[in-house]
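Working notes, structure below.
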Amino acid sequence: MVNDKQTEKLNEESTTTRRDFLKFCSAVGIAIGLGPNAGSKVAAALTSSNRPPVLWLHFSECTACTESLLRTSNPYIDDLLLDTISVNYHETLMAGAGATVHDILIESANTYQGQFICVVEGAIPTKDNGIYGTINGRTMLSIAEEICPKAQCIIAIGNCSSFGGIAAAAPNPTGAKNIIAALKDITLPQVINVPGCPPNPVSFVGVIANYLLKGTLPATDDYLRPLFAYGTSVHDQCPFIESTDPVTGRCLIKKGCKGSISSNNCPSVKFNNGTNFPMNAGHVCIGCSEPNFWDLHTPFWVKTIDETDMPPLPEVIFEKVVSPITEKVIFSKRKLALLDNHRQVQSFDILGRKVQTPISNSLIQKRKTAKGFFIDKSDFDINKRINLK
Amino acid sequence: MARIIIDPVTRIEGHLKIEVEVTNGKVTDAWSSGTLFRGIETILNGRAPDDAWLFTQRLCGVCTYVHGVASVRSVENALSSKIPSNARIVRNLLMGGQYVHDHPVHFYHLHGLDWVDIVSALSADVNETSDLAKSLSPNAPAIDFASIKTRLQNFVSSGQLGIFNGGYWGHSAYLLTPEENLLLASHYLLALRQQLIAAEMHAIFGAKNPHVQSLKVGGVTCKFDITSERISKFRDLLTQMRQFIDTVYIPDVKYVAKKYSSWKSIGGFNNYLCYGDFPLNDAASDLLFPGGYILNKGTSVSNVDLSQITEHVNHSWYSGSALHPSVGQTNPAYDSYNTDSRYSWLKAPRYNGNAMEVGPLARILVAYYKNSSDVVSLVNSLLSDTGLNAAALHSTLGRAAARALETKLIADKMDGWLNGLDPNGEVLTATTVPSTGSSNGYGINEAPRGALGHWIDIQDGKINNYQMVVPSTWNLGPRDSNDVRGPVEQALIGTPVEDASKPLEVLRIVHSYDPCLACAVHVIDAKKDKSYIVKVS
């Protein structure tokens with residue numbers, strides 16, 4: 001039963017989450033190089049009335065990447081869908097069905113040619129002309145060939161579209177490939193990879209925020225992973241060390257943990273509202289942001305790190321030579337309009353009420369957890385960590 | 001007579017194509033086709049058995065966790081490994097968390113737009129909506145409907161309809177008033193936020209959601225998460241979910257059931273199968289959901305014997321004949337989509353030759369007719385509140401209602417389960433897969449979408465064969481060797497379709513099964529000299 005106390009609690013939560021949102025915006029501002037006072041601009045960009053079109057393609061996948069995005073709390077998914085981006089095609093969420101939505105996909109790609117963000121979730125089956133995956137009677141391969149080249153940029157979400165993922169694990173029964181390799185003979189717009197199985201929603205939202213704010217995609221490593229999220233190893237952020245201390249001495253590296261050769265932000269950002277991450281739950285890192293991890297890193301609990309864990313070079317993974325993204329490449333003309341926009345930020349709380357909050361200067365709020373011994377880091381610390389390059 | 005093809009079916013997990021034949025405004029035939037094949041079982045061959053759960057969990061990111069626990073159970077069964085009490089309880093809490101997350105998301109975000117016209121909500125009187133909300137559920141959170149309406153209006157006025165583009169808005173099969181539509185549209189948004197709470201609950205003992213990472217053969221790894229603080233945090237989040245279930249989800253489902261009462265006789269099926277799950281003691285002698293099966297809408301429940309399962313491939317893109325999973329064969333053989341011949345990557349599982357529905361309705365009916373007291377009182381209360389009788393449960397509405405009832409049942413039970421966790425207790429029984437010799441085992445459970453089974457055959461420390469029979473294969477599989485339709489194909493027959501260009505009614509039935517296709521399409525690859533016979537009571 002919900003009583004007044006419960007309603008009060010909801011109100012209190014919405015205030016808190018609002019504050020979290022603004023803290024997040026400041027963190028993103030720092031992460032993408034706008035400095036510590038850019039929170040309002042980030043928030044404005046994320047709640048723009050001129051929403052860039054997004055076409056989200058589902059190929060050989062499990063939908064965990066979509067589910068992961070649904071878990072975003074900075075901003076909330078309804079803010080993202082209603083106020084930030086215009087998701088014109090997304091099979092898991094959209095109301096329409098069948099040929100109607102396939103037509104929407106084709107028409108949107110033509111109407112917004114060179115302007116839309118194409119998000120790809122899942123690998124692309126290529127064996128036997130791609131017959132192992134079809135949508136609307138067409139192979140996923142042919143849909144990718146038609147839609148992807150028309151995008152302004154492509155965000156590959158998850159390990160499957162970035163590197164092939166589980167569908168491409170040996171013996172790769174369907175000839176599944178990552179988006180670049182599957183379309184290697186076609187000229188594609190810039191691709192950025194947000195791997196993970198699934199990735200933290202912060203990593204995806206950070207790429208979107210960067211695009212909205214600066215008109216650029218963030219700088220990446222050679223595997224096209226944004227440095228703000230994948231610029232440092234999991235191990236370097238992990239609070240556990242090799243010692244006999246019962247609290248901190250929980251390092252799992254000798255049991256097969258792949259944190260030291262995995263680039264991701266799990267121990268810093270954590271998952272589900274900062275609740276947990278695998279090593280804290282006593283499980284080894286499986287290296288899910290790395291190319292070919294299903295083959296290179298297994299057996300997960302046994303295999304300690306050696307030279308066989310090193311992934312193939314990018315040109316092998318992508319089947320062509322690609323260059324990392326530098327911050328200098330401008331993709332969008334939205335930049336100036338948004339940076340000049342200092343309007344009051346609007347958002348909505350859990351009960352649907354419009355919230356107008358002045359930007360909080362307080363970046364640092366200690367986050368306590370049940371254990372308290374390691375998550376008790378300031379948010380500034382987290383900002384710094386996700387900004388490591 | 002017209003053929004309607006819906007491809008892709010949206011608001012599901014995975015890739016599904018539905019074709020129906022409509023004659024004089026009613027569906028007269030139907031075909032269900034899975035359109036993606038990944039071959040995860042083939043990928044598993046030769047790998048370490050204790051790694052398998054991390055692979056199988058990636059069958060599906062929506063029903064994340066369920067394939068993980070089925071897999072570790074199969075290895076534990078093969079090695080006769082017993083898990084500690086803490087691990088049993090954590091696993092029940094993780095599975096429970098999965099239900100508490102999945103089912104409301106299904107009702108509001110996947111199924112909801114089949115019942116709720118978002119555009120109609122724009123003409124609602126907000127005061128009337130507010131009055132309706134209070135009368136329907138006085139203790140529900142007080143929503144600012146005027147603000148929500150404005151927000152939706154601004155969204156529509158922007159001209160960028162996003163995910164709401166292409167819906168069948170204004171369709172005459174939408175029966176709710178603008179005020180009712182606004183109420184449920186508001187709850188669509190509320191539930192988007194609410195699901196975060198269930199996911200956070202999952203992460204406390206699961207490391208993260210989706211794709212939990214705290215299981216291990218022999219138990220769980222989250223020893224340091226079992227503290228009084230984290231148990232209390234879990235309870236706090238659970239309480240918020242229970243309040244949502246009691247004051248929003250259940251009242252909404254009952255209300256929709258009343259407003260769409262004609263759907264009490266549309267979209268039903270006859271046969272139901274449930275393996276049973278949620279072991280309430282370490283011997284697993286007492287289950288929250290008892291196992292059993294029901295034939296022909298009967299009221300008597302029989303015990304399940306898994307040796308009665310066969311999988312047929314006459315209408316699937318595989319060569320071979322109908323075989324028990326343990327002797328099944330893998331021969332992918334795509335030719336073309338042809339409803340007279342082969343038309344799906346799904347096989348057609350049958351129990352003693354019968355097509356069986358699995359999932360919430362199967363669980364609730366089996367428990368109800370086995371006189372499980374909690375379920376009997378929940379079902380009776382539903383029937384009296386909605387004016388429906390027990391026969392009406394065999395329907396589209398029955399499926400939606402069963403989903404809501406079991407969500408409440410589990411969420412309420414979880415609170416008590418938390419008390420059984422011992423911060424000083426063990427979470428893991430050290431278990432090593434022997435590097436020589438052979439063994440085999442099975443792991444079954446009740447995923448939110450229905451009865452799920454994994455079978456493993458271990459040789460010299462490696463996977464020799466891995467097989468799965470999963471819920472959506474039962475529910476959405478094609479015709480069998482005798483040309484008998486699968487459950488969803490049969491359930492669609494007789495459905496009225498007012499406008500063949502907008503087959504909203506067809507989607508209602510398909511969505512009521514909560515299709516989850518990524519795991520449904522798979523390969524059976526077994527040695528012929530093994531057979532698995534599993535009895536579930």
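Residue numbers start at 1 in each chain; chains themselves are named A, B, ... in the order of the structure tokens; ligands are numbered from 1 in the order shown.
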I need the contact residues of chain A against chain B, so if you could list those with any atom within 7 Å, counting only C-alpha atoms, and return them as a PDB file with C-alpha atoms, in the first residue's frame, that would help.
ATOM      1  CA  MET A   1       0.000   0.000   0.000  1.00  0.00           C
ATOM      2  CA  VAL A   2       1.291   3.397  -0.863  1.00  0.00           C
ATOM      3  CA  ASN A   3       0.585   6.009   1.754  1.00  0.00           C
ATOM      4  CA  THR A   7       4.498   9.530  -1.900  1.00  0.00           C
ATOM      5  CA  SER A  60      22.058 -11.356 -34.473  1.00  0.00           C
ATOM      6  CA  CYS A  62      20.033 -11.038 -27.512  1.00  0.00           C
ATOM      7  CA  THR A  63      18.602  -7.544 -26.793  1.00  0.00           C
ATOM      8  CA  ALA A  64      20.675  -7.130 -23.610  1.00  0.00           C
ATOM      9  CA  GLU A  67      17.817  -3.663 -21.976  1.00  0.00           C
ATOM     10  CA  SER A  68      20.979  -2.059 -20.686  1.00  0.00           C
ATOM     11  CA  ARG A  71      18.489   0.946 -17.278  1.00  0.00           C
ATOM     12  CA  ASP A  78      11.743   8.273 -21.011  1.00  0.00           C
ATOM     13  CA  LEU A  82      10.828  11.760 -25.503  1.00  0.00           C
ATOM     14  CA  SER A  86      14.089  10.645 -31.853  1.00  0.00           C
ATOM     15  CA  VAL A  87      14.184   6.866 -32.063  1.00  0.00           C
ATOM     16  CA  ASN A  88      12.383   6.371 -35.360  1.00  0.00           C
ATOM     17  CA  TYR A  89      13.099   2.668 -35.596  1.00  0.00           C
ATOM     18  CA  HIS A  90      13.594   0.234 -32.726  1.00  0.00           C
ATOM     19  CA  GLU A  91      11.977  -3.181 -32.950  1.00  0.00           C
ATOM     20  CA  THR A  92      11.785  -3.800 -29.205  1.00  0.00           C
ATOM     21  CA  LEU A  93      10.062  -0.551 -28.353  1.00  0.00           C
ATOM     22  CA  MET A  94       8.101   0.753 -31.295  1.00  0.00           C
ATOM     23  CA  ALA A  95       4.315   0.644 -31.418  1.00  0.00           C
ATOM     24  CA  GLY A  96       3.927  -0.281 -35.073  1.00  0.00           C
ATOM     25  CA  ALA A  97       4.774  -3.634 -36.628  1.00  0.00           C
ATOM     26  CA  GLY A  98       5.386  -5.461 -39.890  1.00  0.00           C
ATOM     27  CA  ALA A  99       5.744  -3.818 -43.278  1.00  0.00           C
ATOM     28  CA  THR A 100       4.605  -0.502 -41.761  1.00  0.00           C
ATOM     29  CA  VAL A 101       7.689  -0.230 -39.614  1.00  0.00           C
ATOM     30  CA  TYR A 132      20.449 -17.188 -41.016  1.00  0.00           C
ATOM     31  CA  GLY A 133      18.861 -13.849 -40.147  1.00  0.00           C
ATOM     32  CA  THR A 134      15.978 -12.165 -41.948  1.00  0.00           C
ATOM     33  CA  ILE A 135      13.612  -9.277 -41.229  1.00  0.00           C
ATOM     34  CA  ASN A 136      10.650  -8.500 -43.466  1.00  0.00           C
ATOM     35  CA  ALA A 167      27.535 -15.376 -32.473  1.00  0.00           C
ATOM     36  CA  ALA A 169      32.596 -17.425 -31.305  1.00  0.00           C
ATOM     37  CA  ALA A 170      34.229 -20.559 -32.708  1.00  0.00           C
ATOM     38  CA  PRO A 171      33.150 -22.256 -34.901  1.00  0.00           C
ATOM     39  CA  ASN A 172      30.996 -19.277 -35.884  1.00  0.00           C
ATOM     40  CA  PRO A 173      28.169 -21.363 -37.362  1.00  0.00           C
ATOM     41  CA  THR A 174      26.504 -18.481 -39.200  1.00  0.00           C
ATOM     42  CA  PHE A 271      26.075  -0.979 -12.786  1.00  0.00           C
ATOM     43  CA  ASN A 272      22.458  -0.244 -11.941  1.00  0.00           C
ATOM     44  CA  ASN A 273      22.721   3.037 -10.144  1.00  0.00           C
ATOM     45  CA  THR A 275      25.038  -0.849  -7.085  1.00  0.00           C
ATOM     46  CA  ASN A 276      27.639  -3.447  -7.970  1.00  0.00           C
ATOM     47  CA  PHE A 277      30.110  -4.854 -10.473  1.00  0.00           C
ATOM     48  CA  PRO A 278      31.366  -8.389 -11.115  1.00  0.00           C
ATOM     49  CA  ALA A 281      30.264  -9.906  -6.447  1.00  0.00           C
ATOM     50  CA  GLY A 282      33.221 -12.278  -6.308  1.00  0.00           C
ATOM     51  CA  HIS A 283      33.304 -13.092 -10.003  1.00  0.00           C
ATOM     52  CA  PRO A 299      37.897 -21.088 -19.580  1.00  0.00           C
ATOM     53  CA  PHE A 300      37.114 -17.934 -17.638  1.00  0.00           C
ATOM     54  CA  ILE A 350       8.656  10.002 -11.568  1.00  0.00           C
ATOM     55  CA  LEU A 351       5.108  11.287 -11.132  1.00  0.00           C
ATOM     56  CA  GLY A 352       5.245  13.223 -14.375  1.00  0.00           C
ATOM     57  CA  ARG A 353       5.673  16.690 -12.871  1.00  0.00           C
ATOM     58  CA  LYS A 354       7.831  19.156 -14.682  1.00  0.00           C
ATOM     59  CA  ALA A 370      26.301  -1.216   2.266  1.00  0.00           C
TER      60      ALA A 370
END
Quick one: DSSP helix (DSSP H, G or I) residues in segment 99-166 of chain A, as an MDAnalysis selection string?
-> chainID A and resid 99:111 127:130 140:150 158:163 166
So that I can check the surroundings of segment 253-264 of chain A, please list as a JSON list (two decimals) with N, CA and C atoms, in the first residue's frame every protein, DNA and RNA residue that reaches within 9 Å of it, counting only C-alpha atoms and ignoring chain neighbours fewer than 5 positions away.
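Below is the file part.json, written as the result:
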[["chain", "number", "residue", "atom", "x", "y", "z"],
["A", 195, "PRO", "N", 31.58, -1.50, -26.92],
["A", 195, "PRO", "CA", 31.44, -2.92, -26.61],
["A", 195, "PRO", "C", 31.13, -3.16, -25.14],
["A", 196, "GLY", "N", 30.96, -4.44, -24.82],
["A", 196, "GLY", "CA", 30.53, -4.84, -23.49],
["A", 196, "GLY", "C", 29.45, -5.88, -23.71],
["A", 199, "PRO", "N", 27.26, -3.29, -22.60],
["A", 199, "PRO", "CA", 27.99, -2.17, -22.02],
["A", 199, "PRO", "C", 27.15, -1.44, -20.96],
["A", 225, "ARG", "N", 36.98, 2.29, -29.65],
["A", 225, "ARG", "CA", 36.25, 2.43, -28.39],
["A", 225, "ARG", "C", 36.52, 3.80, -27.81],
["A", 229, "ALA", "N", 35.39, 6.06, -21.82],
["A", 229, "ALA", "CA", 34.85, 4.90, -21.12],
["A", 229, "ALA", "C", 35.79, 3.70, -21.14],
["A", 230, "TYR", "N", 36.63, 3.63, -22.17],
["A", 230, "TYR", "CA", 37.47, 2.44, -22.36],
["A", 230, "TYR", "C", 38.95, 2.81, -22.39],
["A", 231, "GLY", "N", 39.28, 3.91, -21.75],
["A", 231, "GLY", "CA", 40.66, 4.40, -21.85],
["A", 231, "GLY", "C", 41.59, 3.82, -20.80],
["A", 232, "THR", "N", 41.07, 3.05, -19.89],
["A", 232, "THR", "CA", 41.93, 2.49, -18.86],
["A", 232, "THR", "C", 41.47, 1.07, -18.55],
["A", 233, "SER", "N", 42.34, 0.31, -17.93],
["A", 233, "SER", "CA", 41.97, -1.08, -17.71],
["A", 233, "SER", "C", 41.05, -1.21, -16.50],
["A", 234, "VAL", "N", 40.26, -2.25, -16.53],
["A", 234, "VAL", "CA", 39.37, -2.55, -15.41],
["A", 234, "VAL", "C", 40.19, -2.75, -14.13],
["A", 235, "HIS", "N", 41.30, -3.41, -14.28],
["A", 235, "HIS", "CA", 42.15, -3.71, -13.12],
["A", 235, "HIS", "C", 42.63, -2.43, -12.44],
["A", 236, "ASP", "N", 42.99, -1.43, -13.24],
["A", 236, "ASP", "CA", 43.50, -0.18, -12.67],
["A", 236, "ASP", "C", 42.44, 0.56, -11.87],
["A", 238, "CYS", "N", 40.04, -1.18, -10.22],
["A", 238, "CYS", "CA", 39.46, -2.13, -9.27],
["A", 238, "CYS", "C", 39.99, -1.86, -7.86],
["A", 242, "GLU", "N", 46.01, -7.71, -4.28],
["A", 242, "GLU", "CA", 46.50, -9.01, -3.81],
["A", 242, "GLU", "C", 47.09, -8.82, -2.42],
["A", 279, "MET", "N", 33.55, -8.06, -9.98],
["A", 279, "MET", "CA", 34.56, -8.47, -9.01],
["A", 279, "MET", "C", 34.10, -8.26, -7.58],
["A", 283, "HIS", "N", 33.13, -12.41, -8.72],
["A", 283, "HIS", "CA", 33.30, -13.09, -10.00],
["A", 283, "HIS", "C", 34.45, -12.46, -10.80],
["A", 284, "VAL", "N", 35.18, -13.31, -11.51],
["A", 284, "VAL", "CA", 36.26, -12.77, -12.35],
["A", 284, "VAL", "C", 35.67, -11.92, -13.47],
["A", 285, "CYS", "N", 36.46, -10.94, -13.91],
["A", 285, "CYS", "CA", 36.14, -10.18, -15.13],
["A", 285, "CYS", "C", 36.35, -11.13, -16.30],
["A", 286, "ILE", "N", 35.37, -11.16, -17.22],
["A", 286, "ILE", "CA", 35.51, -12.05, -18.38],
["A", 286, "ILE", "C", 36.01, -11.29, -19.60],
["A", 287, "GLY", "N", 36.23, -9.99, -19.43],
["A", 287, "GLY", "CA", 36.80, -9.20, -20.54],
["A", 287, "GLY", "C", 35.82, -8.96, -21.67],
["A", 288, "CYS", "N", 34.57, -8.64, -21.34],
["A", 288, "CYS", "CA", 33.52, -8.62, -22.35],
["A", 288, "CYS", "C", 33.59, -7.41, -23.27],
["A", 289, "SER", "N", 34.52, -6.49, -23.03],
["A", 289, "SER", "CA", 34.67, -5.36, -23.95],
["A", 289, "SER", "C", 35.80, -5.61, -24.95],
["A", 290, "GLU", "N", 36.37, -6.81, -24.91],
["A", 290, "GLU", "CA", 37.54, -7.11, -25.74],
["A", 290, "GLU", "C", 37.16, -7.94, -26.97],
["A", 297, "HIS", "N", 39.58, -15.81, -23.91],
["A", 297, "HIS", "CA", 39.65, -15.73, -22.44],
["A", 297, "HIS", "C", 39.10, -16.96, -21.73],
["A", 299, "PRO", "N", 38.90, -21.11, -20.66],
["A", 299, "PRO", "CA", 37.90, -21.09, -19.58],
["A", 299, "PRO", "C", 38.11, -19.88, -18.66],
["A", 300, "PHE", "N", 37.01, -19.21, -18.34],
["A", 300, "PHE", "CA", 37.11, -17.93, -17.64],
["A", 300, "PHE", "C", 37.75, -18.05, -16.26],
["A", 301, "TRP", "N", 37.43, -19.12, -15.54],
["A", 301, "TRP", "CA", 37.91, -19.22, -14.16],
["A", 301, "TRP", "C", 39.28, -19.89, -14.06],
["A", 302, "VAL", "N", 39.79, -20.35, -15.14],
["A", 302, "VAL", "CA", 41.02, -21.13, -15.07],
["A", 302, "VAL", "C", 42.17, -20.42, -15.74],
["A", 303, "LYS", "N", 41.88, -19.90, -16.90],
["A", 303, "LYS", "CA", 42.96, -19.41, -17.74],
["A", 303, "LYS", "C", 43.51, -18.09, -17.21],
["A", 304, "THR", "N", 44.72, -18.11, -16.69],
["A", 304, "THR", "CA", 45.36, -16.86, -16.31],
["A", 304, "THR", "C", 45.96, -16.22, -17.55],
["A", 305, "ILE", "N", 46.25, -14.93, -17.41],
["A", 305, "ILE", "CA", 46.58, -14.16, -18.60],
["A", 305, "ILE", "C", 47.96, -14.52, -19.15],
["A", 309, "ASP", "N", 46.02, -14.22, -24.80],
["A", 309, "ASP", "CA", 44.86, -13.38, -24.54],
["A", 309, "ASP", "C", 44.85, -12.12, -25.39],
["A", 310, "MET", "N", 45.97, -11.82, -26.00],
["A", 310, "MET", "CA", 46.04, -10.58, -26.74],
["A", 310, "MET", "C", 45.15, -10.67, -27.98]]
Which one is closest to Ala151 of chain A: A:Val119, A:Leu81, A:Ile241, A:Ile208? Count only C-alpha atoms.
-> A:Val119
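Each of A:Gly165, A:Gly206, A:Pro239, A:Pro311 was checked against Ala219 of chain A using only C-alpha atoms; the smallest atom-to-atom distance is that of A:Gly206.
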For segment 381-397 of chain B: contacts at 6 Å, only C-alpha atoms, fewer than 6 positions along chain excluded, given as a CSV table (one decimal) with all heavy atoms, in the first residue's frame:
chain,number,residue,atom,x,y,z
B,258,LYS,N,-11.5,-6.0,-17.5
B,258,LYS,CA,-13.0,-5.7,-17.5
B,258,LYS,C,-13.4,-4.9,-18.7
B,258,LYS,O,-14.4,-5.2,-19.3
B,258,LYS,CB,-13.3,-4.8,-16.2
B,258,LYS,CG,-13.6,-5.7,-15.0
B,258,LYS,CD,-14.2,-4.9,-13.9
B,258,LYS,CE,-13.2,-4.2,-13.1
B,258,LYS,NZ,-13.7,-3.6,-11.8
B,263,TRP,N,-12.3,-10.4,-24.7
B,263,TRP,CA,-11.0,-11.1,-25.0
B,263,TRP,C,-10.9,-12.3,-24.0
B,263,TRP,O,-9.9,-13.0,-24.0
B,263,TRP,CB,-9.8,-10.2,-24.9
B,263,TRP,CG,-9.8,-9.4,-26.2
B,263,TRP,CD1,-10.6,-8.3,-26.5
B,263,TRP,CD2,-9.0,-9.7,-27.4
B,263,TRP,NE1,-10.3,-7.9,-27.8
B,263,TRP,CE2,-9.4,-8.8,-28.3
B,263,TRP,CE3,-8.1,-10.7,-27.7
B,263,TRP,CZ2,-8.8,-8.8,-29.6
B,263,TRP,CZ3,-7.5,-10.7,-28.9
B,263,TRP,CH2,-7.9,-9.8,-29.9
B,264,LYS,N,-11.9,-12.5,-23.1
B,264,LYS,CA,-11.9,-13.7,-22.3
B,264,LYS,C,-12.1,-15.0,-23.1
B,264,LYS,O,-11.9,-16.1,-22.6
B,264,LYS,CB,-12.9,-13.6,-21.2
B,264,LYS,CG,-14.4,-13.7,-21.7
B,264,LYS,CD,-15.4,-13.4,-20.6
B,264,LYS,CE,-16.8,-13.5,-21.2
B,264,LYS,NZ,-17.8,-13.0,-20.3
B,265,SER,N,-12.7,-14.8,-24.3
B,265,SER,CA,-12.9,-16.0,-25.1
B,265,SER,C,-12.1,-16.0,-26.4
B,265,SER,O,-12.5,-16.7,-27.4
B,265,SER,CB,-14.4,-16.1,-25.4
B,265,SER,OG,-14.9,-14.9,-25.9
B,266,ILE,N,-11.1,-15.2,-26.5
B,266,ILE,CA,-10.3,-15.1,-27.7
B,266,ILE,C,-8.8,-15.4,-27.3
B,266,ILE,O,-8.3,-15.0,-26.3
B,266,ILE,CB,-10.3,-13.7,-28.3
B,266,ILE,CG1,-11.8,-13.3,-28.6
B,266,ILE,CG2,-9.4,-13.6,-29.5
B,266,ILE,CD1,-11.9,-11.8,-29.1
B,267,GLY,N,-8.2,-16.2,-28.2
B,267,GLY,CA,-6.8,-16.4,-28.1
B,267,GLY,C,-6.4,-17.5,-27.1
B,267,GLY,O,-5.2,-17.6,-26.7
B,268,GLY,N,-7.3,-18.4,-26.7
B,268,GLY,CA,-7.0,-19.4,-25.7
B,268,GLY,C,-6.3,-20.6,-26.4
B,268,GLY,O,-6.3,-20.8,-27.6
B,509,ILE,N,-2.8,-11.2,-29.4
B,509,ILE,CA,-2.6,-12.7,-29.1
B,509,ILE,C,-1.1,-13.0,-29.1
B,509,ILE,O,-0.6,-13.7,-28.1
B,509,ILE,CB,-3.4,-13.6,-30.0
B,509,ILE,CG1,-4.9,-13.3,-29.8
B,509,ILE,CG2,-3.1,-15.0,-29.8
B,509,ILE,CD1,-5.8,-14.0,-30.7
B,512,SER,N,0.6,-11.7,-26.1
B,512,SER,CA,0.2,-12.3,-24.8
B,512,SER,C,1.1,-13.5,-24.5
B,512,SER,O,1.1,-13.8,-23.3
B,512,SER,CB,-1.3,-12.7,-24.9
B,512,SER,OG,-1.5,-13.9,-25.6
Atom CA of Ile85 of chain A to atom CA of Asp514 of chain B, straight-line distance in Å |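 Atom CA of Ile85 of chain A lies at a distance of 27.2 Å from atom CA of Asp514 of chain B.
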Which one is closest to Val119 of chain B: B:Leu280, B:Leu421, B:Leu176, B:Ile89? Count only C-alpha atoms.
->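 Closest to Val119 of chain B of all the choices is B:Leu176.
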Hey, what's within 6 Å of segment 446-458 of chain B if we count only C-alpha atoms and toss same-chain stuff fewer than 3 positions away? As a ChimeraX atom specification, please?
-> /B:66,70,99,274-275,277,358-359,438-443,462-471
Which residues in segment 129-372 of chain A does DSSP call strand (DSSP E or B)? List them as a PyMOL selection string.
-> chain A and resi 133-135+138-139+153-157+176-177+190-194+216+220+226+233+263+271+276+330+346-348+354-356
Mind checking which residues fall within 10 Å of segment 349-356 of chain B, counting only C-alpha atoms, ignoring those fewer than 6 positions away in the same chain, and posting them as a ChimeraX atom specification?
-> /B:269-274,293-295,304-313,322-325,362,469-471,473-482,484-488,490
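What separates atom CA of Thr429 of chain B from atom CA of Phe240 of chain A is a distance of 23.2 Å.
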Atom pair atom CA of Lys184 of chain A + atom CA of Lys320 of chain A, distance 6.6 Å
From the set B:Ala333, B:Leu346, B:Leu287, B:Leu183, which residue has the shortest atom-to-atom contact distance to Arg363 of chain B, counting only C-alpha atoms?
->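 Using only C-alpha atoms, Arg363 of chain B sits closest to B:Leu287.
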Contacts of Asn193 of chain A at 9 Å or less, counting only C-alpha atoms, minus same-chain residues fewer than 4 places along, as an MDAnalysis selection string?
-> chainID A and resid 154:159 161:163 220 223:226
Write the residues you've just listed into a file as a short mmCIF file (atom, residue, chain, number, x, y, z; two decimals), in the first residue's frame, and include N, CA and C atoms for each of them.
data_model
loop_
_atom_site.label_atom_id
_atom_site.label_comp_id
_atom_site.auth_asym_id
_atom_site.auth_seq_id
_atom_site.Cartn_x
_atom_site.Cartn_y
_atom_site.Cartn_z
N ILE A 154 27.76 5.72 -37.20
CA ILE A 154 27.22 4.44 -36.74
C ILE A 154 27.77 4.15 -35.35
N ILE A 155 26.87 3.89 -34.41
CA ILE A 155 27.30 3.46 -33.09
C ILE A 155 27.03 1.97 -32.98
N ALA A 156 28.09 1.18 -32.86
CA ALA A 156 27.94 -0.26 -32.66
C ALA A 156 27.85 -0.49 -31.16
N ILE A 157 26.67 -0.91 -30.69
CA ILE A 157 26.50 -1.12 -29.25
C ILE A 157 26.65 -2.60 -28.95
N GLY A 158 27.51 -2.90 -27.98
CA GLY A 158 27.72 -4.29 -27.58
C GLY A 158 28.87 -4.95 -28.33
N ASN A 159 29.31 -6.07 -27.79
CA ASN A 159 30.45 -6.75 -28.36
C ASN A 159 30.13 -7.35 -29.73
N SER A 161 28.11 -6.34 -32.37
CA SER A 161 28.22 -5.45 -33.52
C SER A 161 29.61 -4.82 -33.58
N SER A 162 30.28 -4.70 -32.43
CA SER A 162 31.63 -4.12 -32.40
C SER A 162 32.67 -5.11 -32.93
N PHE A 163 32.60 -6.35 -32.41
CA PHE A 163 33.68 -7.30 -32.69
C PHE A 163 33.19 -8.68 -33.14
N THR A 220 38.83 7.88 -29.78
CA THR A 220 38.80 6.44 -29.52
C THR A 220 40.20 5.83 -29.55
N TYR A 223 40.67 0.23 -31.51
CA TYR A 223 39.50 -0.62 -31.73
C TYR A 223 38.22 0.20 -31.77
N LEU A 224 38.39 1.51 -31.92
CA LEU A 224 37.27 2.45 -32.06
C LEU A 224 36.39 2.54 -30.83
N ARG A 225 36.98 2.29 -29.65
CA ARG A 225 36.25 2.43 -28.39
C ARG A 225 36.52 3.80 -27.81
N PRO A 226 35.49 4.52 -27.37
CA PRO A 226 35.72 5.87 -26.83
C PRO A 226 36.61 5.82 -25.58
#
